[in-house]
file entry-v3.txt (compact mmCIF, C-alpha atoms)
# COMPACT_ATOMS: atom_id res chain seq x y z
CA MET A 466 -62.31 -82.50 29.92
CA LYS A 467 -58.99 -80.73 29.55
CA LYS A 468 -58.33 -80.92 33.26
CA VAL A 469 -58.99 -84.68 33.43
CA LYS A 470 -56.45 -85.14 30.66
CA ILE A 471 -53.78 -83.32 32.65
CA ILE A 472 -54.50 -85.39 35.74
CA GLU A 473 -54.22 -88.66 33.80
CA VAL A 474 -50.84 -87.73 32.45
CA HIS A 475 -49.71 -86.67 35.90
CA GLU A 476 -50.81 -89.97 37.40
CA ASN A 477 -48.86 -91.94 34.81
CA VAL A 478 -45.89 -89.75 35.49
CA PHE A 479 -46.29 -90.22 39.25
CA ASN A 480 -46.42 -94.01 39.01
CA SER A 481 -43.42 -94.37 36.76
CA ASN A 482 -41.63 -91.73 38.81
CA ASN A 483 -42.11 -93.73 42.01
CA VAL A 484 -40.51 -96.78 40.37
CA ALA A 485 -37.58 -94.72 39.08
CA ALA A 486 -37.16 -93.11 42.51
CA GLU A 487 -37.00 -96.48 44.29
CA GLU A 488 -34.41 -97.72 41.80
CA LEU A 489 -32.25 -94.63 42.25
CA ARG A 490 -32.51 -94.86 46.04
CA HIS A 491 -31.28 -98.48 46.01
CA GLU A 492 -28.56 -97.78 43.51
CA LEU A 493 -27.19 -94.96 45.66
CA LYS A 494 -27.45 -97.04 48.82
CA ASP A 495 -25.42 -99.81 47.19
CA LYS A 496 -22.73 -97.24 46.42
CA GLY A 497 -22.78 -95.92 49.99
CA VAL A 498 -24.05 -92.53 48.85
CA TYR A 499 -26.69 -90.77 50.92
CA MET A 500 -28.90 -88.24 49.07
CA LEU A 501 -30.88 -85.47 50.75
CA ASN A 502 -33.55 -83.51 48.87
CA VAL A 503 -33.72 -79.90 50.12
CA MET A 504 -36.90 -77.96 49.34
CA SER A 505 -38.31 -74.52 50.21
CA SER A 506 -39.93 -71.33 48.91
CA PRO A 507 -37.85 -68.97 46.78
CA GLY A 508 -35.66 -66.84 49.01
CA SER A 509 -35.86 -68.95 52.18
CA GLY A 510 -32.08 -68.91 52.46
CA LYS A 511 -31.64 -72.50 51.23
CA THR A 512 -28.28 -71.97 49.56
CA THR A 513 -26.82 -70.01 52.48
CA ALA A 514 -27.99 -72.45 55.17
CA LEU A 515 -26.83 -75.42 53.11
CA SER A 516 -23.39 -73.87 52.61
CA LYS A 517 -22.99 -73.31 56.37
CA LEU A 518 -24.06 -76.90 57.05
CA ILE A 519 -21.59 -78.24 54.50
CA ASN A 520 -18.77 -76.24 56.06
CA ILE A 521 -19.49 -77.99 59.39
CA LEU A 522 -19.60 -81.46 57.82
CA LYS A 523 -17.06 -81.32 54.99
CA ASP A 524 -14.09 -82.56 57.03
CA GLU A 525 -16.06 -85.65 58.15
CA TYR A 526 -17.75 -86.56 54.87
CA ARG A 527 -17.13 -86.24 51.13
CA ILE A 528 -19.97 -83.96 50.00
CA GLY A 529 -21.41 -82.91 46.65
CA VAL A 530 -24.25 -80.51 45.78
CA MET A 531 -26.61 -80.55 42.81
CA ASP A 532 -28.60 -77.33 42.42
CA VAL A 533 -31.81 -77.23 40.41
CA ASP A 534 -32.87 -74.00 38.79
CA ILE A 535 -34.83 -72.79 35.78
CA GLU A 536 -31.97 -70.59 34.58
CA THR A 537 -28.70 -69.20 35.93
CA SER A 538 -25.95 -71.01 37.83
CA LEU A 539 -26.07 -68.63 40.77
CA ASP A 540 -26.79 -71.24 43.45
CA ALA A 541 -24.24 -73.88 42.40
CA GLN A 542 -21.62 -71.16 42.04
CA LYS A 543 -22.46 -69.76 45.47
CA VAL A 544 -22.22 -73.18 47.18
CA ALA A 545 -18.92 -73.91 45.39
CA ASP A 546 -17.53 -70.50 46.37
CA LEU A 547 -18.65 -70.73 50.00
CA THR A 548 -17.67 -74.35 50.68
CA GLY A 549 -15.19 -75.52 48.06
CA VAL A 550 -17.17 -78.76 47.52
CA ARG A 551 -18.08 -80.00 44.04
CA ALA A 552 -21.33 -78.46 42.77
CA LEU A 553 -23.42 -79.06 39.66
CA GLN A 554 -26.13 -76.77 38.33
CA ILE A 555 -29.14 -78.54 36.82
CA HIS A 556 -31.38 -76.52 34.50
CA ASN A 557 -34.80 -78.17 34.49
CA GLY A 558 -36.19 -76.49 31.38
CA GLY A 559 -38.71 -74.24 33.11
CA LEU A 560 -40.50 -76.99 35.05
CA CYS A 561 -41.55 -76.38 38.64
CA HIS A 562 -40.01 -79.60 39.96
CA ILE A 563 -37.36 -82.25 39.36
CA ASP A 564 -38.35 -85.92 39.10
CA ALA A 565 -36.39 -89.12 39.73
CA GLU A 566 -35.48 -89.65 36.10
CA MET A 567 -34.04 -86.15 35.81
CA THR A 568 -32.21 -86.65 39.11
CA SER A 569 -30.80 -89.97 37.86
CA LYS A 570 -29.43 -88.32 34.74
CA ALA A 571 -27.90 -85.54 36.80
CA ILE A 572 -26.33 -88.07 39.22
CA GLU A 573 -24.81 -89.90 36.26
CA GLU A 574 -23.33 -86.70 34.87
CA PHE A 575 -22.17 -85.46 38.27
CA GLY A 576 -20.47 -88.75 39.26
CA VAL A 577 -21.10 -89.63 42.90
CA ASP A 578 -18.97 -92.75 43.46
CA ASP A 579 -16.42 -90.79 45.49
CA LEU A 580 -19.05 -89.06 47.67
CA ASP A 581 -20.72 -89.86 51.01
CA ILE A 582 -23.46 -87.24 50.87
CA VAL A 583 -25.23 -85.57 47.94
CA PHE A 584 -27.47 -82.60 48.62
CA LEU A 585 -30.08 -82.01 45.94
CA GLU A 586 -31.13 -78.38 46.23
CA ASN A 587 -34.57 -78.48 44.63
CA ILE A 588 -36.30 -75.59 42.85
CA GLY A 589 -37.78 -72.85 45.08
CA ASN A 590 -41.43 -73.88 45.24
CA LEU A 591 -43.74 -75.28 47.94
CA VAL A 592 -46.11 -77.12 45.60
CA CYS A 593 -44.64 -79.17 42.75
CA PRO A 594 -41.40 -80.51 44.29
CA ALA A 595 -43.47 -82.16 47.05
CA GLU A 596 -45.31 -84.23 44.43
CA PHE A 597 -42.26 -85.86 42.90
CA ASP A 598 -40.12 -88.39 44.74
CA THR A 599 -36.59 -87.59 43.58
CA GLY A 600 -35.07 -90.84 44.83
CA ALA A 601 -33.47 -89.08 47.81
CA HIS A 602 -33.14 -90.99 51.09
CA ARG A 603 -34.56 -88.13 53.10
CA ASN A 604 -36.54 -84.96 52.34
CA MET A 605 -35.86 -81.79 54.23
CA MET A 606 -37.41 -78.37 53.79
CA ILE A 607 -36.66 -74.90 54.98
CA LEU A 608 -39.38 -72.57 56.24
CA SER A 609 -38.02 -69.08 56.82
CA VAL A 610 -39.40 -66.86 59.56
CA PRO A 611 -40.42 -64.01 57.18
CA GLU A 612 -42.76 -66.43 55.35
CA GLY A 613 -44.99 -66.86 58.39
CA ASP A 614 -46.10 -69.65 60.73
CA ASP A 615 -49.21 -70.44 58.65
CA LYS A 616 -47.33 -71.98 55.71
CA PRO A 617 -47.84 -75.61 56.86
CA LEU A 618 -51.61 -75.04 56.68
CA LYS A 619 -51.37 -73.65 53.17
CA TYR A 620 -48.87 -76.12 51.68
CA PRO A 621 -49.71 -79.31 53.60
CA LEU A 622 -48.22 -81.83 51.17
CA MET A 623 -44.78 -80.24 51.38
CA PHE A 624 -44.75 -80.42 55.16
CA SER A 625 -46.12 -83.98 55.09
CA VAL A 626 -43.41 -85.45 52.88
CA CYS A 627 -40.46 -83.98 54.80
CA ASP A 628 -38.49 -85.86 57.45
CA LEU A 629 -36.92 -82.64 58.66
CA VAL A 630 -38.27 -79.08 58.72
CA ILE A 631 -35.65 -76.40 59.29
CA ILE A 632 -37.04 -73.08 60.50
CA SER A 633 -34.52 -70.56 59.19
CA LYS A 634 -33.68 -66.87 59.69
CA ILE A 635 -34.65 -67.10 63.39
CA ASP A 636 -32.41 -64.08 64.02
CA THR A 637 -35.20 -62.01 62.40
CA MET A 638 -37.95 -63.31 64.73
CA GLU A 639 -38.50 -59.95 66.42
CA PHE A 640 -39.27 -58.19 63.13
CA PHE A 641 -42.00 -60.58 62.02
CA ASP A 642 -45.21 -61.94 63.51
CA PHE A 643 -43.94 -65.50 63.68
CA ASP A 644 -45.15 -67.74 66.50
CA MET A 645 -42.63 -70.58 66.85
CA ASP A 646 -44.97 -72.76 68.94
CA LYS A 647 -47.78 -72.31 66.43
CA ALA A 648 -45.44 -73.14 63.52
CA LYS A 649 -44.29 -76.31 65.29
CA SER A 650 -47.79 -77.47 66.15
CA ASN A 651 -48.97 -76.74 62.58
CA ILE A 652 -46.14 -78.92 61.26
CA LEU A 653 -46.58 -81.74 63.78
CA ARG A 654 -50.33 -81.95 63.21
CA LEU A 655 -49.64 -82.77 59.55
CA ASN A 656 -46.54 -84.83 60.18
CA PRO A 657 -46.12 -86.12 63.76
CA LYS A 658 -42.77 -87.76 62.98
CA ALA A 659 -41.15 -84.64 61.53
CA SER A 660 -37.96 -83.36 63.15
CA ILE A 661 -38.01 -79.58 63.51
CA ILE A 662 -34.81 -77.58 63.94
CA PRO A 663 -34.82 -73.75 64.19
CA VAL A 664 -31.61 -72.21 62.83
CA SER A 665 -29.95 -68.96 61.88
CA ALA A 666 -27.27 -69.27 59.23
CA LYS A 667 -26.26 -65.72 60.15
CA THR A 668 -25.59 -66.25 63.87
CA GLY A 669 -24.92 -70.00 63.62
CA GLU A 670 -27.67 -70.82 66.14
CA GLY A 671 -29.03 -74.34 65.63
CA MET A 672 -26.48 -75.25 62.95
CA GLU A 673 -24.71 -77.80 65.18
CA GLU A 674 -28.03 -79.50 65.94
CA LEU A 675 -28.72 -79.65 62.22
CA ALA A 676 -25.32 -81.23 61.56
CA LYS A 677 -26.05 -83.73 64.34
CA TRP A 678 -29.34 -84.69 62.65
CA ILE A 679 -27.49 -85.36 59.38
CA ARG A 680 -24.81 -87.45 61.13
CA ALA A 681 -27.51 -89.55 62.80
CA GLN A 682 -28.93 -90.48 59.36
CA LEU A 683 -25.65 -91.88 58.06
CA MET B 334 -40.44 -89.90 25.77
CA LYS B 335 -42.39 -89.19 28.92
CA LYS B 336 -41.11 -85.63 29.05
CA VAL B 337 -42.16 -84.88 25.46
CA LYS B 338 -45.64 -86.13 26.30
CA ILE B 339 -45.95 -83.69 29.19
CA ILE B 340 -44.80 -80.79 27.04
CA GLU B 341 -47.33 -81.61 24.32
CA VAL B 342 -50.18 -81.63 26.78
CA HIS B 343 -48.95 -78.37 28.24
CA GLU B 344 -48.84 -76.73 24.82
CA ASN B 345 -52.41 -77.74 24.08
CA VAL B 346 -53.44 -76.41 27.44
CA PHE B 347 -51.53 -73.16 26.87
CA ASN B 348 -53.17 -72.56 23.46
CA SER B 349 -56.69 -73.20 24.63
CA ASN B 350 -55.97 -71.27 27.81
CA ASN B 351 -54.90 -68.20 25.84
CA VAL B 352 -58.21 -68.24 23.94
CA ALA B 353 -60.20 -68.63 27.17
CA ALA B 354 -58.19 -65.82 28.78
CA GLU B 355 -58.89 -63.41 25.91
CA GLU B 356 -62.60 -64.21 26.09
CA LEU B 357 -62.73 -63.62 29.84
CA ARG B 358 -60.79 -60.35 29.52
CA HIS B 359 -63.27 -59.02 26.95
CA GLU B 360 -66.28 -60.23 28.87
CA LEU B 361 -65.09 -58.44 32.01
CA LYS B 362 -64.26 -55.28 30.07
CA ASP B 363 -67.77 -55.19 28.62
CA LYS B 364 -69.13 -55.36 32.17
CA GLY B 365 -66.82 -52.54 33.30
CA VAL B 366 -64.94 -54.90 35.65
CA TYR B 367 -61.17 -54.60 35.93
CA MET B 368 -59.30 -57.73 37.06
CA LEU B 369 -55.80 -57.75 38.53
CA ASN B 370 -53.84 -60.97 38.94
CA VAL B 371 -51.57 -60.80 42.01
CA MET B 372 -48.67 -63.28 42.17
CA SER B 373 -45.72 -63.92 44.51
CA SER B 374 -43.74 -66.48 46.52
CA PRO B 375 -45.38 -68.01 49.58
CA GLY B 376 -45.09 -65.63 52.51
CA SER B 377 -44.30 -62.46 50.56
CA GLY B 378 -47.05 -60.62 52.41
CA LYS B 379 -49.50 -60.68 49.48
CA THR B 380 -52.66 -60.83 51.60
CA THR B 381 -51.53 -58.12 54.02
CA ALA B 382 -50.36 -55.70 51.31
CA LEU B 383 -53.51 -56.32 49.28
CA SER B 384 -55.73 -55.67 52.30
CA LYS B 385 -53.97 -52.34 52.98
CA LEU B 386 -54.35 -51.36 49.31
CA ILE B 387 -58.04 -52.24 49.34
CA ASN B 388 -58.60 -50.15 52.45
CA ILE B 389 -57.19 -47.13 50.59
CA LEU B 390 -59.34 -47.75 47.49
CA LYS B 391 -62.59 -49.18 48.84
CA ASP B 392 -64.43 -45.85 49.19
CA GLU B 393 -63.69 -44.98 45.55
CA TYR B 394 -64.35 -48.37 43.92
CA ARG B 395 -66.48 -51.45 44.50
CA ILE B 396 -63.88 -54.17 45.12
CA GLY B 397 -63.95 -57.96 45.36
CA VAL B 398 -61.17 -60.47 46.07
CA MET B 399 -60.81 -64.05 44.89
CA ASP B 400 -58.11 -65.99 46.74
CA VAL B 401 -56.58 -69.12 45.27
CA ASP B 402 -55.18 -71.76 47.60
CA ILE B 403 -54.63 -75.49 47.69
CA GLU B 404 -56.46 -75.85 50.99
CA THR B 405 -57.72 -73.59 53.81
CA SER B 406 -59.69 -70.36 53.56
CA LEU B 407 -57.17 -68.37 55.57
CA ASP B 408 -56.43 -65.73 52.94
CA ALA B 409 -60.00 -64.98 51.87
CA GLN B 410 -61.04 -64.81 55.52
CA LYS B 411 -58.14 -62.49 56.33
CA VAL B 412 -58.94 -60.10 53.48
CA ALA B 413 -62.64 -60.10 54.42
CA ASP B 414 -61.79 -59.45 58.09
CA LEU B 415 -59.27 -56.68 57.35
CA THR B 416 -61.22 -54.85 54.65
CA GLY B 417 -64.89 -55.81 54.81
CA VAL B 418 -65.02 -56.38 51.04
CA ARG B 419 -66.51 -59.53 49.51
CA ALA B 420 -63.99 -62.36 49.27
CA LEU B 421 -64.14 -65.83 47.73
CA GLN B 422 -61.73 -68.67 48.42
CA ILE B 423 -60.91 -70.85 45.42
CA HIS B 424 -59.46 -74.29 46.09
CA ASN B 425 -57.54 -75.34 43.00
CA GLY B 426 -57.25 -79.04 43.78
CA GLY B 427 -53.54 -79.13 44.53
CA LEU B 428 -52.39 -77.55 41.27
CA CYS B 429 -49.60 -74.99 41.31
CA HIS B 430 -51.52 -72.43 39.23
CA ILE B 431 -54.97 -71.22 38.18
CA ASP B 432 -55.88 -71.00 34.49
CA ALA B 433 -58.43 -68.87 32.64
CA GLU B 434 -61.11 -71.55 32.62
CA MET B 435 -60.87 -72.02 36.39
CA THR B 436 -60.89 -68.24 36.83
CA SER B 437 -63.98 -67.96 34.61
CA LYS B 438 -65.85 -70.50 36.71
CA ALA B 439 -64.84 -68.71 39.90
CA ILE B 440 -65.93 -65.35 38.44
CA GLU B 441 -69.31 -66.86 37.58
CA GLU B 442 -69.77 -68.20 41.08
CA PHE B 443 -68.48 -65.02 42.73
CA GLY B 444 -70.69 -62.68 40.69
CA VAL B 445 -68.83 -59.55 39.62
CA ASP B 446 -71.53 -57.43 37.91
CA ASP B 447 -71.67 -55.04 40.86
CA LEU B 448 -67.88 -54.63 41.10
CA ASP B 449 -65.34 -52.22 39.59
CA ILE B 450 -62.18 -54.11 40.57
CA VAL B 451 -61.54 -57.82 41.16
CA PHE B 452 -58.22 -58.85 42.69
CA LEU B 453 -57.26 -62.44 41.92
CA GLU B 454 -54.77 -63.47 44.60
CA ASN B 455 -52.97 -66.31 42.86
CA ILE B 456 -51.27 -69.27 44.56
CA GLY B 457 -47.90 -68.56 46.21
CA ASN B 458 -45.45 -69.73 43.55
CA LEU B 459 -42.98 -68.01 41.22
CA VAL B 460 -43.07 -70.65 38.46
CA CYS B 461 -46.44 -72.04 37.37
CA PRO B 462 -48.74 -69.00 37.76
CA ALA B 463 -46.53 -67.06 35.32
CA GLU B 464 -47.24 -69.66 32.63
CA PHE B 465 -51.02 -69.33 32.66
CA ASP B 466 -52.83 -66.22 31.47
CA THR B 467 -55.77 -65.93 33.90
CA GLY B 468 -57.73 -63.45 31.79
CA ALA B 469 -56.77 -60.58 34.11
CA HIS B 470 -56.25 -57.12 32.60
CA ARG B 471 -52.98 -56.62 34.42
CA ASN B 472 -50.48 -58.86 36.23
CA MET B 473 -48.73 -57.66 39.33
CA MET B 474 -46.30 -59.50 41.56
CA ILE B 475 -44.83 -58.94 44.97
CA LEU B 476 -41.16 -59.53 45.69
CA SER B 477 -40.45 -59.26 49.41
CA VAL B 478 -37.11 -57.96 50.68
CA PRO B 479 -36.29 -61.15 52.68
CA GLU B 480 -36.41 -63.18 49.43
CA GLY B 481 -33.43 -61.34 47.97
CA ASP B 482 -32.62 -59.10 45.00
CA ASP B 483 -31.56 -62.05 42.80
CA LYS B 484 -35.08 -63.48 42.36
CA PRO B 485 -35.67 -61.84 38.93
CA LEU B 486 -32.61 -63.72 37.62
CA LYS B 487 -33.91 -67.03 38.96
CA TYR B 488 -37.59 -66.71 37.99
CA PRO B 489 -37.36 -64.63 34.80
CA LEU B 490 -40.76 -65.55 33.31
CA MET B 491 -42.63 -64.28 36.38
CA PHE B 492 -40.88 -60.91 36.23
CA SER B 493 -41.37 -60.72 32.44
CA VAL B 494 -45.16 -61.16 32.47
CA CYS B 495 -45.87 -58.58 35.19
CA ASP B 496 -46.90 -54.99 34.49
CA LEU B 497 -46.15 -54.02 38.08
CA VAL B 498 -43.58 -55.37 40.53
CA ILE B 499 -44.17 -54.39 44.15
CA ILE B 500 -41.12 -54.69 46.38
CA SER B 501 -42.61 -55.37 49.81
CA LYS B 502 -41.46 -55.42 53.44
CA ILE B 503 -39.03 -52.54 52.77
CA ASP B 504 -39.15 -51.77 56.50
CA THR B 505 -36.90 -54.84 56.94
CA MET B 506 -34.24 -53.64 54.47
CA GLU B 507 -31.58 -53.17 57.16
CA PHE B 508 -31.84 -56.79 58.32
CA PHE B 509 -31.30 -58.36 54.92
CA ASP B 510 -28.68 -58.09 52.19
CA PHE B 511 -31.09 -56.58 49.68
CA ASP B 512 -29.74 -54.09 47.12
CA MET B 513 -32.72 -52.06 45.86
CA ASP B 514 -30.85 -50.71 42.82
CA LYS B 515 -29.71 -54.20 41.86
CA ALA B 516 -33.26 -55.57 42.25
CA LYS B 517 -34.63 -52.79 40.04
CA SER B 518 -32.02 -53.26 37.34
CA ASN B 519 -32.52 -57.05 37.40
CA ILE B 520 -36.25 -56.50 36.85
CA LEU B 521 -35.90 -53.82 34.18
CA ARG B 522 -33.38 -55.83 32.18
CA LEU B 523 -36.03 -58.57 31.80
CA ASN B 524 -38.99 -56.24 31.50
CA PRO B 525 -38.12 -52.64 30.58
CA LYS B 526 -41.77 -51.52 30.76
CA ALA B 527 -42.38 -52.83 34.28
CA SER B 528 -43.50 -50.37 36.94
CA ILE B 529 -41.68 -50.94 40.24
CA ILE B 530 -43.09 -49.69 43.53
CA PRO B 531 -41.32 -50.36 46.87
CA VAL B 532 -43.79 -50.56 49.76
CA SER B 533 -44.14 -51.45 53.41
CA ALA B 534 -47.61 -52.57 54.42
CA LYS B 535 -46.44 -52.17 58.04
CA THR B 536 -45.38 -48.50 57.89
CA GLY B 537 -47.61 -47.57 54.94
CA GLU B 538 -44.64 -46.32 52.89
CA GLY B 539 -45.33 -46.53 49.15
CA MET B 540 -48.96 -47.59 49.59
CA GLU B 541 -50.33 -44.30 48.20
CA GLU B 542 -48.14 -44.64 45.12
CA LEU B 543 -49.45 -48.15 44.66
CA ALA B 544 -53.06 -46.93 44.92
CA LYS B 545 -52.24 -44.22 42.36
CA TRP B 546 -50.92 -46.86 39.95
CA ILE B 547 -54.20 -48.80 40.25
CA ARG B 548 -56.31 -45.64 39.73
CA ALA B 549 -54.32 -44.83 36.58
CA GLN B 550 -55.26 -48.22 35.07
CA LEU B 551 -59.01 -47.67 35.43
call {"tool": "encode", "arguments": {"input": "entry-v3.txt", "output": "C-alpha cells"}}
result
Amino acid sequence: MKKVKIIEVHENVFNSNNVAAEELRHELKDKGVYMLNVMSSPGSGKTTALSKLINILKDEYRIGVMDVDIETSLDAQKVADLTGVRALQIHNGGLCHIDAEMTSKAIEEFGVDDLDIVFLENIGNLVCPAEFDTGAHRNMMILSVPEGDDKPLKYPLMFSVCDLVIISKIDTMEFFDFDMDKAKSNILRLNPKASIIPVSAKTGEGMEELAKWIRAQL
Amino acid sequence: MKKVKIIEVHENVFNSNNVAAEELRHELKDKGVYMLNVMSSPGSGKTTALSKLINILKDEYRIGVMDVDIETSLDAQKVADLTGVRALQIHNGGLCHIDAEMTSKAIEEFGVDDLDIVFLENIGNLVCPAEFDTGAHRNMMILSVPEGDDKPLKYPLMFSVCDLVIISKIDTMEFFDFDMDKAKSNILRLNPKASIIPVSAKTGEGMEELAKWIRAQL
C-alpha cells in the first residue's frame, strides 16, 4: 500500500519532469547553449576530470559549471580554482537527484546567455540521477577503475541513459582487478550506441579524445 | 508545489518506517539474531571485505547474508562462493534504498531462526540508504581510499548514522591523495562516537580488528 503510493507520486513527477526537461532543452538550444549532465558514483574523480577537460576547452568555448551537492561548496570551489571558469554550487536539499525544474531554476540564477557550454555536475549516485531527465542535451557518466568492471550490470539504467561513458583513473589499472574489455562489453550490451573513452586525469591519457568528443557535439 | 508533495510522502514513509524498524529490531533480538546494515558507494569493495570478515567469524557464529541490488545476483553469489554461508539476493525494484518493511519481508523469506548474525548488504549509494532505518542493530559503512577523504563532508547523513566506518582498500593509499587523519577528523566531527577501522581486504590488514569489533557487539 505504502509502496504503491510512492510509485504513483514518482510517476507523476517523472511525467511532468519529462515535459519540463524538453522545454529547458529547447530553451537552451535557442540560446545556443549546450548542456551536458555529468553523473557518477561518489569519488569517481568527476570534479578533477571535468576540470582537466575544461582547461583543454576553455580557450575555444565559453564554459560554465553548475555543481549539485547535498551540502558544502567543495566541488564548485574546486572547479573554479582549477579552471577559472564561472561555477555555481546547487544545494539540492538532501535529495539523491536533480530534476529539470530544479535545473531550470539554477540556470536562471546562474545566467547562461554568455556561455557556449554548461556542465551540470550531478550528485554522486548511480541510481536516482539516471531516473530524472535534467534537460541536458547529452548525458555522460564516469566509471572509475577502482569501482570495478561489473558496475554496468548492477546499475543498468545509468549506463543505458548515457551517451558517453568515461572510464577514469586508468593509471591505477594495475592495482585493481578491472578488465577493460569486460567493462566495455558490459556497457555496450546495455547501450550499443554509447561512446566509451578511457582516461586518466592524472597522466592526461585520453583527455584529448574526450575533448574531441565534446567538440563533435557542438 | 510538486516538491512539497514529495516531502510529505517521504515524511509519512519515514514515520511508519521507524515504527516498522523498531518492531523488526525487537523481533530479531528476541530470536537472538543480530543484524548489521552495511552501506557504501558502488565499488567500495563491500562484498569482498564482507566475505573476508565472514571467513574470520564463520566458525564462531552462524552467519547469513542478504544482498540488496537493483538487478543481478552477483553479490549474493559472490559471498556464497567465497564464504559458503547462506546468502539471499534481494531485488528492490529499482529503488535507491531498502526500508524496514522490505527488510522484514526478506528476513521472513530468508529464515533467520538458525542464525546468530545477519549482514544486510545495502544498495551501493551514499544518500538514500542513510535515510531509512532498516531495523538493523548496528549500521556500518565502508569508505574506500580511492573515493577520497572529503566524502564525510559531502554525504554527512551517511557518516552520522553509522556506528562503524571502515576505511577500505588502504593498500592503495600511495596511489591516491587520501589523508587518513583528515578522513578520521571529518568523520568524528560529524559523529564523535563512530568507531573507525582502516582495513585492506587484499592484505588482510585491519581485518582482525574489524572481527573484534563485531564480537564486542554480540
call {"tool": "residues_around", "arguments": {"input": "entry-v3.txt", "residues": "segment 524-540 of chain B", "least_positions_apart": "5", "cutoff": "9 Å", "atoms": "only C-alpha atoms", "output": "PyMOL selection string"}}
result
chain B and resi 378+381-386+389+492-505+513+517+519+545-546
call {"tool": "atom_distance", "arguments": {"input": "entry-v3.txt", "atom1": "atom CA of Lys487 of chain B", "atom2": "atom CA of Glu507 of chain B"}}
result
23.0 Å
call {"tool": "interface_residues", "arguments": {"input": "entry-v3.txt", "of": "chain B", "to": "chain A", "cutoff": "8 Å", "atoms": "all atoms listed in the file", "output": "list in words"}}
result
Lys335, Ile339, Val342, Val346, Ser374, Pro375, Gly376, Ser377, Gly378, Asp402, Ile403, Glu404, Thr405, Gly427, Leu428, Cys429, Asn458, Leu459, Val460, Cys461, Pro479, Glu480, Gly481, Lys484, Leu486, Lys487, Tyr488, Thr505 and Phe508 of chain B
call {"tool": "atom_distance", "arguments": {"input": "entry-v3.txt", "atom1": "atom CA of Thr380 of chain B", "atom2": "atom CA of Phe643 of chain A"}}
result
15.6 Å
call {"tool": "closest_residue", "arguments": {"input": "entry-v3.txt", "among": "A:Met605, A:Ile519, A:Ile652, A:Ala681", "to": "Val503 of chain A", "atoms": "all atoms listed in the file"}}
result
A:Met605
call {"tool": "atom_distance", "arguments": {"input": "entry-v3.txt", "atom1": "atom CA of Val401 of chain B", "atom2": "atom CA of His470 of chain B"}}
result
17.5 Å
call {"tool": "residues_around", "arguments": {"input": "entry-v3.txt", "residues": "Val530 of chain A", "least_positions_apart": "3", "cutoff": "6 Å", "atoms": "all atoms listed in the file", "output": "JSON, numbers by chain"}}
result
{"A": [552, 583, 584]}
call {"tool": "closest_residue", "arguments": {"input": "entry-v3.txt", "among": "A:Glu525, A:Asn587, A:Asp642, A:Met606", "to": "Ile555 of chain A", "atoms": "only C-alpha atoms"}}
result
A:Asn587
